[in-house]
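*Asks:* Data file target.pdb (PDB, C-alpha atoms) is appended below.
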ATOM      1  CA  MET H   1      -1.954 -11.939 -17.625
ATOM      2  CA  ALA H   2      -3.311 -13.906 -14.667
ATOM      3  CA  PHE H   3      -2.946 -12.393 -11.201
ATOM      4  CA  GLU H   4      -0.685 -14.387  -8.896
ATOM      5  CA  LEU H   5      -0.256 -14.160  -5.133
ATOM      6  CA  PRO H   6       3.363 -13.176  -4.448
ATOM      7  CA  GLU H   7       5.330 -14.774  -1.643
ATOM      8  CA  LEU H   8       5.861 -12.560   1.386
ATOM      9  CA  PRO H   9       9.438 -11.210   1.274
ATOM     10  CA  TYR H  10       9.986 -12.176   4.951
ATOM     11  CA  ALA H  11       8.779 -14.692   7.546
ATOM     12  CA  TYR H  12       5.318 -14.183   9.072
ATOM     13  CA  ASP H  13       6.795 -13.282  12.453
ATOM     14  CA  SER H  14       9.556 -10.976  11.219
ATOM     15  CA  LEU H  15       7.608  -7.696  11.555
ATOM     16  CA  ALA H  16       6.594  -8.335  15.180
ATOM     17  CA  PRO H  17       5.818  -6.623  17.495
ATOM     18  CA  PHE H  18       4.653  -3.916  15.037
ATOM     19  CA  MET H  19       2.680  -6.350  12.868
ATOM     20  CA  SER H  20       1.966  -9.841  14.177
ATOM     21  CA  ALA H  21       2.328 -13.166  12.395
ATOM     22  CA  GLU H  22      -1.431 -13.632  12.815
ATOM     23  CA  THR H  23      -2.158 -10.355  10.988
ATOM     24  CA  LEU H  24       0.220 -11.214   8.140
ATOM     25  CA  GLU H  25      -1.181 -14.729   7.764
ATOM     26  CA  TYR H  26      -4.767 -13.477   7.520
ATOM     27  CA  HIS H  27      -3.926 -10.403   5.467
ATOM     28  CA  HIS H  28      -1.664 -12.122   2.937
ATOM     29  CA  ASP H  29      -3.001 -15.690   2.823
ATOM     30  CA  LYS H  30      -6.728 -14.842   3.004
ATOM     31  CA  HIS H  31      -7.423 -11.223   1.988
ATOM     32  CA  HIS H  32      -4.788 -10.795  -0.728
ATOM     33  CA  LEU H  33      -5.509 -14.291  -2.077
ATOM     34  CA  ALA H  34      -9.203 -13.369  -2.349
ATOM     35  CA  TYR H  35      -8.362 -10.316  -4.516
ATOM     36  CA  VAL H  36      -6.242 -12.546  -6.769
ATOM     37  CA  THR H  37      -8.892 -15.272  -7.079
ATOM     38  CA  ASN H  38     -11.820 -12.879  -7.572
ATOM     39  CA  GLY H  39      -9.835 -10.694  -9.973
ATOM     40  CA  ASN H  40      -8.903 -13.663 -12.160
ATOM     41  CA  ASN H  41     -12.523 -14.880 -12.245
ATOM     42  CA  LEU H  42     -13.887 -11.430 -13.126
ATOM     43  CA  ILE H  43     -11.329 -10.759 -15.882
ATOM     44  CA  LYS H  44     -11.834 -14.051 -17.735
ATOM     45  CA  GLY H  45     -13.232 -13.420 -21.190
ATOM     46  CA  THR H  46     -13.324  -9.609 -20.841
ATOM     47  CA  GLU H  47     -11.471  -6.758 -22.549
ATOM     48  CA  PHE H  48      -9.084  -6.702 -19.546
ATOM     49  CA  GLU H  49      -7.709 -10.189 -20.178
ATOM     50  CA  GLY H  50      -4.092 -10.036 -21.330
ATOM     51  CA  LEU H  51      -3.431  -6.513 -20.034
ATOM     52  CA  SER H  52      -0.741  -5.775 -17.437
ATOM     53  CA  LEU H  53      -1.967  -5.195 -13.879
ATOM     54  CA  GLU H  54      -1.404  -1.420 -14.114
ATOM     55  CA  GLU H  55      -3.328  -1.328 -17.402
ATOM     56  CA  VAL H  56      -6.218  -3.270 -15.853
ATOM     57  CA  VAL H  57      -6.365  -0.845 -12.904
ATOM     58  CA  LYS H  58      -6.441   2.216 -15.169
ATOM     59  CA  ALA H  59      -8.775   0.741 -17.817
ATOM     60  CA  SER H  60     -11.368  -0.605 -15.346
ATOM     61  CA  TYR H  61     -11.563   2.584 -13.231
ATOM     62  CA  GLY H  62     -15.087   3.997 -13.439
ATOM     63  CA  LYS H  63     -16.104   1.251 -15.888
ATOM     64  CA  ASN H  64     -16.097  -2.059 -14.027
ATOM     65  CA  ALA H  65     -16.206  -1.804 -10.237
ATOM     66  CA  GLY H  66     -15.632  -5.512  -9.564
ATOM     67  CA  VAL H  67     -12.542  -5.749 -11.748
ATOM     68  CA  PHE H  68     -11.237  -2.395 -10.521
ATOM     69  CA  ASN H  69     -11.635  -3.194  -6.818
ATOM     70  CA  ASN H  70      -9.828  -6.529  -7.046
ATOM     71  CA  ALA H  71      -7.127  -5.354  -9.490
ATOM     72  CA  GLY H  72      -6.529  -2.202  -7.424
ATOM     73  CA  GLN H  73      -6.196  -4.158  -4.211
ATOM     74  CA  HIS H  74      -3.911  -6.716  -5.878
ATOM     75  CA  PHE H  75      -1.649  -3.885  -7.109
ATOM     76  CA  ASN H  76      -1.717  -2.165  -3.708
ATOM     77  CA  HIS H  77      -0.847  -5.329  -1.790
ATOM     78  CA  ILE H  78       1.955  -6.493  -4.115
ATOM     79  CA  HIS H  79       3.713  -3.272  -3.113
ATOM     80  CA  PHE H  80       2.471  -3.140   0.491
ATOM     81  CA  TRP H  81       4.428  -6.271   1.444
ATOM     82  CA  LYS H  82       7.585  -4.752  -0.068
ATOM     83  CA  TRP H  83       6.979  -1.381   1.602
ATOM     84  CA  MET H  84       7.721  -3.062   4.950
ATOM     85  CA  LYS H  85      10.762  -4.734   6.425
ATOM     86  CA  ALA H  86      12.103  -5.704   9.835
ATOM     87  CA  GLY H  87      14.070  -2.816  11.323
ATOM     88  CA  GLY H  88      12.589  -0.352   8.845
ATOM     89  CA  GLY H  89      11.081   3.098   9.228
ATOM     90  CA  GLY H  90      12.428   6.131  10.998
ATOM     91  CA  LYS H  91      14.477   9.017   9.716
ATOM     92  CA  SER H  92      17.369   7.188   8.082
ATOM     93  CA  LEU H  93      16.211   7.790   4.504
ATOM     94  CA  PRO H  94      18.379   7.489   1.412
ATOM     95  CA  GLY H  95      19.779  10.966   0.643
ATOM     96  CA  LYS H  96      17.917  11.477  -2.623
ATOM     97  CA  LEU H  97      14.582  10.709  -0.974
ATOM     98  CA  ALA H  98      15.331  12.843   2.078
ATOM     99  CA  ALA H  99      16.156  15.782  -0.205
ATOM    100  CA  ALA H 100      12.894  15.366  -2.138
ATOM    101  CA  ILE H 101      10.869  15.166   1.099
ATOM    102  CA  ASP H 102      12.613  18.337   2.319
ATOM    103  CA  SER H 103      11.948  20.284  -0.884
ATOM    104  CA  ASP H 104       8.450  18.987  -1.741
ATOM    105  CA  LEU H 105       6.878  18.246   1.638
ATOM    106  CA  GLY H 106       8.590  20.558   4.138
ATOM    107  CA  GLY H 107      10.884  17.986   5.735
ATOM    108  CA  TYR H 108      10.642  14.571   7.375
ATOM    109  CA  ASP H 109       8.674  15.620  10.472
ATOM    110  CA  LYS H 110       6.008  17.326   8.388
ATOM    111  CA  PHE H 111       5.879  14.331   6.017
ATOM    112  CA  ARG H 112       5.428  11.996   9.023
ATOM    113  CA  ALA H 113       2.629  14.097  10.527
ATOM    114  CA  ASP H 114       0.820  14.605   7.201
ATOM    115  CA  PHE H 115       1.120  10.952   6.114
ATOM    116  CA  ILE H 116      -0.222   9.703   9.464
ATOM    117  CA  ALA H 117      -3.015  12.306   9.303
ATOM    118  CA  ALA H 118      -3.981  11.134   5.799
ATOM    119  CA  GLY H 119      -4.317   7.551   7.044
ATOM    120  CA  THR H 120      -6.127   8.557  10.226
ATOM    121  CA  THR H 121      -8.687  10.742   8.447
ATOM    122  CA  GLN H 122      -9.478   8.309   5.620
ATOM    123  CA  PHE H 123     -13.048   7.500   6.623
ATOM    124  CA  GLY H 124     -13.767   3.778   6.478
ATOM    125  CA  SER H 125     -11.520   1.542   4.382
ATOM    126  CA  GLY H 126      -8.750   2.858   2.173
ATOM    127  CA  TRP H 127      -5.098   3.842   1.872
ATOM    128  CA  ALA H 128      -2.717   6.722   2.557
ATOM    129  CA  TRP H 129      -0.096   7.449  -0.103
ATOM    130  CA  LEU H 130       3.165   9.129  -0.952
ATOM    131  CA  SER H 131       3.255   9.591  -4.728
ATOM    132  CA  VAL H 132       5.100  11.385  -7.479
ATOM    133  CA  LYS H 133       2.924  13.649  -9.618
ATOM    134  CA  ASN H 134       4.401  15.992 -12.215
ATOM    135  CA  GLY H 135       7.866  15.308 -10.784
ATOM    136  CA  LYS H 136       6.930  16.300  -7.215
ATOM    137  CA  LEU H 137       6.080  14.310  -4.107
ATOM    138  CA  GLU H 138       2.562  14.544  -2.717
ATOM    139  CA  ILE H 139       0.593  12.907   0.100
ATOM    140  CA  SER H 140      -2.955  11.726  -0.523
ATOM    141  CA  LYS H 141      -5.571   9.236   0.620
ATOM    142  CA  THR H 142      -8.008   7.075  -1.335
ATOM    143  CA  PRO H 143     -11.109   5.051  -0.453
ATOM    144  CA  ASN H 144     -11.302   1.265  -0.675
ATOM    145  CA  GLY H 145      -8.928  -0.195  -3.305
ATOM    146  CA  GLU H 146      -8.338   3.003  -5.228
ATOM    147  CA  ASN H 147      -4.768   4.228  -5.711
ATOM    148  CA  PRO H 148      -2.937   7.230  -7.212
ATOM    149  CA  LEU H 149      -2.453   5.498 -10.599
ATOM    150  CA  VAL H 150      -5.973   6.599 -11.526
ATOM    151  CA  GLN H 151      -5.153  10.206 -10.579
ATOM    152  CA  GLY H 152      -2.161  10.387 -12.913
ATOM    153  CA  ALA H 153       0.390   9.847 -10.131
ATOM    154  CA  ALA H 154       2.949   7.124  -9.389
ATOM    155  CA  PRO H 155       2.563   5.669  -5.875
ATOM    156  CA  ILE H 156       5.930   5.111  -4.169
ATOM    157  CA  LEU H 157       4.662   4.371  -0.624
ATOM    158  CA  GLY H 158       1.269   3.302   0.646
ATOM    159  CA  VAL H 159      -0.221   2.115   3.912
ATOM    160  CA  ASP H 160      -3.341  -0.022   4.132
ATOM    161  CA  VAL H 161      -5.918   1.351   6.579
ATOM    162  CA  TRP H 162      -8.562  -1.343   6.062
ATOM    163  CA  GLU H 163      -9.328  -2.748   9.521
ATOM    164  CA  HIS H 164      -7.995  -6.206   8.614
ATOM    165  CA  SER H 165      -4.562  -4.584   8.309
ATOM    166  CA  TYR H 166      -4.355  -3.600  11.966
ATOM    167  CA  TYR H 167      -7.337  -4.714  14.072
ATOM    168  CA  ILE H 168      -5.776  -7.892  15.493
ATOM    169  CA  ASP H 169      -2.771  -5.898  16.758
ATOM    170  CA  TYR H 170      -4.144  -2.423  17.484
ATOM    171  CA  ARG H 171      -7.937  -2.868  17.743
ATOM    172  CA  ASN H 172      -9.457   0.545  16.917
ATOM    173  CA  ALA H 173      -6.234   2.541  17.493
ATOM    174  CA  ARG H 174      -5.521   3.279  13.828
ATOM    175  CA  PRO H 175      -3.144   6.217  14.607
ATOM    176  CA  LYS H 176      -0.938   3.885  16.724
ATOM    177  CA  TYR H 177      -0.708   1.454  13.814
ATOM    178  CA  LEU H 178       0.220   4.277  11.437
ATOM    179  CA  GLU H 179       2.907   5.560  13.814
ATOM    180  CA  ALA H 180       4.367   2.042  14.083
ATOM    181  CA  PHE H 181       4.320   1.707  10.280
ATOM    182  CA  VAL H 182       6.191   4.988   9.705
ATOM    183  CA  ASP H 183       8.590   4.698  12.640
ATOM    184  CA  SER H 184       9.420   0.993  12.496
ATOM    185  CA  LEU H 185       8.351  -0.734   9.268
ATOM    186  CA  ILE H 186       8.879   1.349   6.104
ATOM    187  CA  ASN H 187      11.367  -0.157   3.664
ATOM    188  CA  TRP H 188      12.912   3.123   2.461
ATOM    189  CA  ASP H 189      15.129   1.322  -0.069
ATOM    190  CA  TYR H 190      12.055   0.068  -1.932
ATOM    191  CA  VAL H 191      10.473   3.536  -1.745
ATOM    192  CA  LEU H 192      13.655   4.955  -3.297
ATOM    193  CA  GLU H 193      13.590   2.346  -6.075
ATOM    194  CA  LEU H 194      10.024   3.376  -7.016
ATOM    195  CA  TYR H 195      10.880   7.073  -6.655
ATOM    196  CA  GLU H 196      13.784   6.755  -9.110
ATOM    197  CA  LYS H 197      11.507   4.992 -11.620
ATOM    198  CA  ALA H 198       8.812   7.646 -11.223
ATOM    199  CA  VAL H 199      11.074  10.649 -11.762
TER
END
Would you mind writing the structure in this file as structure tokens?
*Replies:*
Amino acid sequence: MAFELPELPYAYDSLAPFMSAETLEYHHDKHHLAYVTNGNNLIKGTEFEGLSLEEVVKASYGKNAGVFNNAGQHFNHIHFWKWMKAGGGGKSLPGKLAAAIDSDLGGYDKFRADFIAAGTTQFGSGWAWLSVKNGKLEISKTPNGENPLVQGAAPILGVDVWEHSYYIDYRNARPKYLEAFVDSLINWDYVLELYEKAV
């Protein structure tokens, strides 16, 4: 199954001022496209050809770094675009999700602080995650293009902390970017959709 670059689900300028059109153009049209192109080239004629994206991510982990890095980043970004929307973020979560965050993570404020801390303390490039593992929510962070799929968890929310995700808008102020993501960009409806699938 060839990787394909998905369309952005909104206009380039629709996430401003929290994420600029310039960031989205570079991030989607250049960086994500590169993962798609490189991934397709690396998979041609290998055991990974014909597998679903999730299968490629899991099967290449620890075996083929090139395939894994590009497949992982393709998976991460397909969801990353959908994890954001104009007028998103904040505390108005769907009830089912709010209840799970209360019971598993100690409430919204603690989730917010811990999720931002995970992204802030991920040294170098990587991601911060909210995932479902063994029926419970957990917060984690991963280096580079890695994601919770390879740790037996189902990612339901992730934020990209590679510098290309925020440097145009926030320079080196990664915590400010993470606060803007949580407070103003998260598409909680999409998070709920993935949560319901995972549980």
*Asks:* Using all atoms listed in the file, what does the table of segment 9-122 of chain H residues within 10 Å of segment 172-176 of chain H look like, with each row giving the shortest atom pair and its distance in Å to one decimal, sorted by chain and ascending number, as JSON lines?
*Replies:*
{"residue": "H:Phe18", "atom": "CA", "partner": "H:Lys176", "partner_atom": "CA", "distance": 9.7}
{"residue": "H:Ile116", "atom": "CA", "partner": "H:Pro175", "partner_atom": "CA", "distance": 6.9}
{"residue": "H:Ala117", "atom": "CA", "partner": "H:Pro175", "partner_atom": "CA", "distance": 8.1}
{"residue": "H:Gly119", "atom": "CA", "partner": "H:Pro175", "partner_atom": "CA", "distance": 7.8}
{"residue": "H:Thr120", "atom": "CA", "partner": "H:Pro175", "partner_atom": "CA", "distance": 5.8}
{"residue": "H:Thr121", "atom": "CA", "partner": "H:Pro175", "partner_atom": "CA", "distance": 9.4}
*Asks:* At a cut-off of 9 Å, using only C-alpha atoms, what residues contact segment 135-150 of chain H? Leave out same-chain residues fewer than 6 positions from it and give the result as a PyMOL selection string.
*Replies:* chain H and resi 54+57-58+61+68-76+100-101+103-105+111+114-115+118-119+121-129+158+162+198-199
*Asks:* Please provide as a VMD selection string all residues within 7 Å of Lys133 of chain H, with the sequence filter that same-chain residues fewer than 5 positions apart are discarded (counting only C-alpha atoms).
*Replies:* chain H and resid 138 152 to 154
*Asks:* Contacts of Tyr170 of chain H at 12 Å or less, counting only C-alpha atoms, minus same-chain residues fewer than 2 places along, as a ChimeraX atom specification?
*Replies:* /H:17-20,23,161,163-168,172-181
*Asks:* Could you tell me how far atom CA of Pro94 of chain H sits from atom CA of Ile186 of chain H, in Å to one decimal place?
*Replies:*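 About the pair atom CA of Ile186 of chain H and atom CA of Pro94 of chain H: they are 12.2 Å apart.
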*Asks:* To one decimal place in Å, what is the distance between atom CA of Tyr190 of chain H and atom CA of Gly88 of chain H?
*Replies:*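 Distance between the two atoms: 10.8 Å.
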*Asks:* Scan for residues within 7 Å of the point (-4.0, -13.2, -7.5) in the coordinates of the file, using all atoms listed in the file, and reply as a VMD selection string.
*Replies:* chain H and resid 3 to 5 33 35 to 37 39 to 40 74
*Asks:* Can you tell me how far atom CA of Phe48 of chain H sits from atom CA of Val191 of chain H, in Å to one decimal?
*Replies:*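 Distance between the two atoms: 28.4 Å.
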*Asks:* So what does the PyMOL selection byres ((chain H and resi 50) around 8) actually pick up in this one, as a PDB file with C-alpha atoms, in the coordinates of the input?
*Replies:*
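Writing the result to expr.pdb gives the following:
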ATOM      1  CA  MET H   1      -1.954 -11.939 -17.625  1.00  0.00           C
ATOM      2  CA  ALA H   2      -3.311 -13.906 -14.667  1.00  0.00           C
ATOM      3  CA  PHE H  48      -9.084  -6.702 -19.546  1.00  0.00           C
ATOM      4  CA  GLU H  49      -7.709 -10.189 -20.178  1.00  0.00           C
ATOM      5  CA  LEU H  51      -3.431  -6.513 -20.034  1.00  0.00           C
ATOM      6  CA  SER H  52      -0.741  -5.775 -17.437  1.00  0.00           C
TER       7      SER H  52
END
*Asks:* Using all atoms listed in the file for the distances, tell me which of H:Ala16, H:Arg171, H:Lys197, H:Asp29 is nearest to Met84 of chain H.
*Replies:*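 Closest to Met84 of chain H of all the choices is H:Ala16.
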*Asks:* With a distance cut-off of 12 Å and all atoms listed in the file, select the neighbouring residues of Gly95 of chain H, excluding the residue or stretch itself and same-chain residues fewer than 3 positions from it, and output the selection as a list in words.
*Replies:*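 These residues fall inside the cut-off: Lys91, Ser92, Ala98, Ala99, Ala100, Ile101, Asp102, Tyr108, Trp188, Asp189 and Leu192 of chain H.
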*Asks:* Measuring between all atoms listed in the file, which one of H:Ala65, H:Leu185, H:Ile43, H:Ala86 shows the shortest distance to Tyr10 of chain H?
*Replies:*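 Of the candidates, the smallest distance to Tyr10 of chain H is held by H:Ala86.
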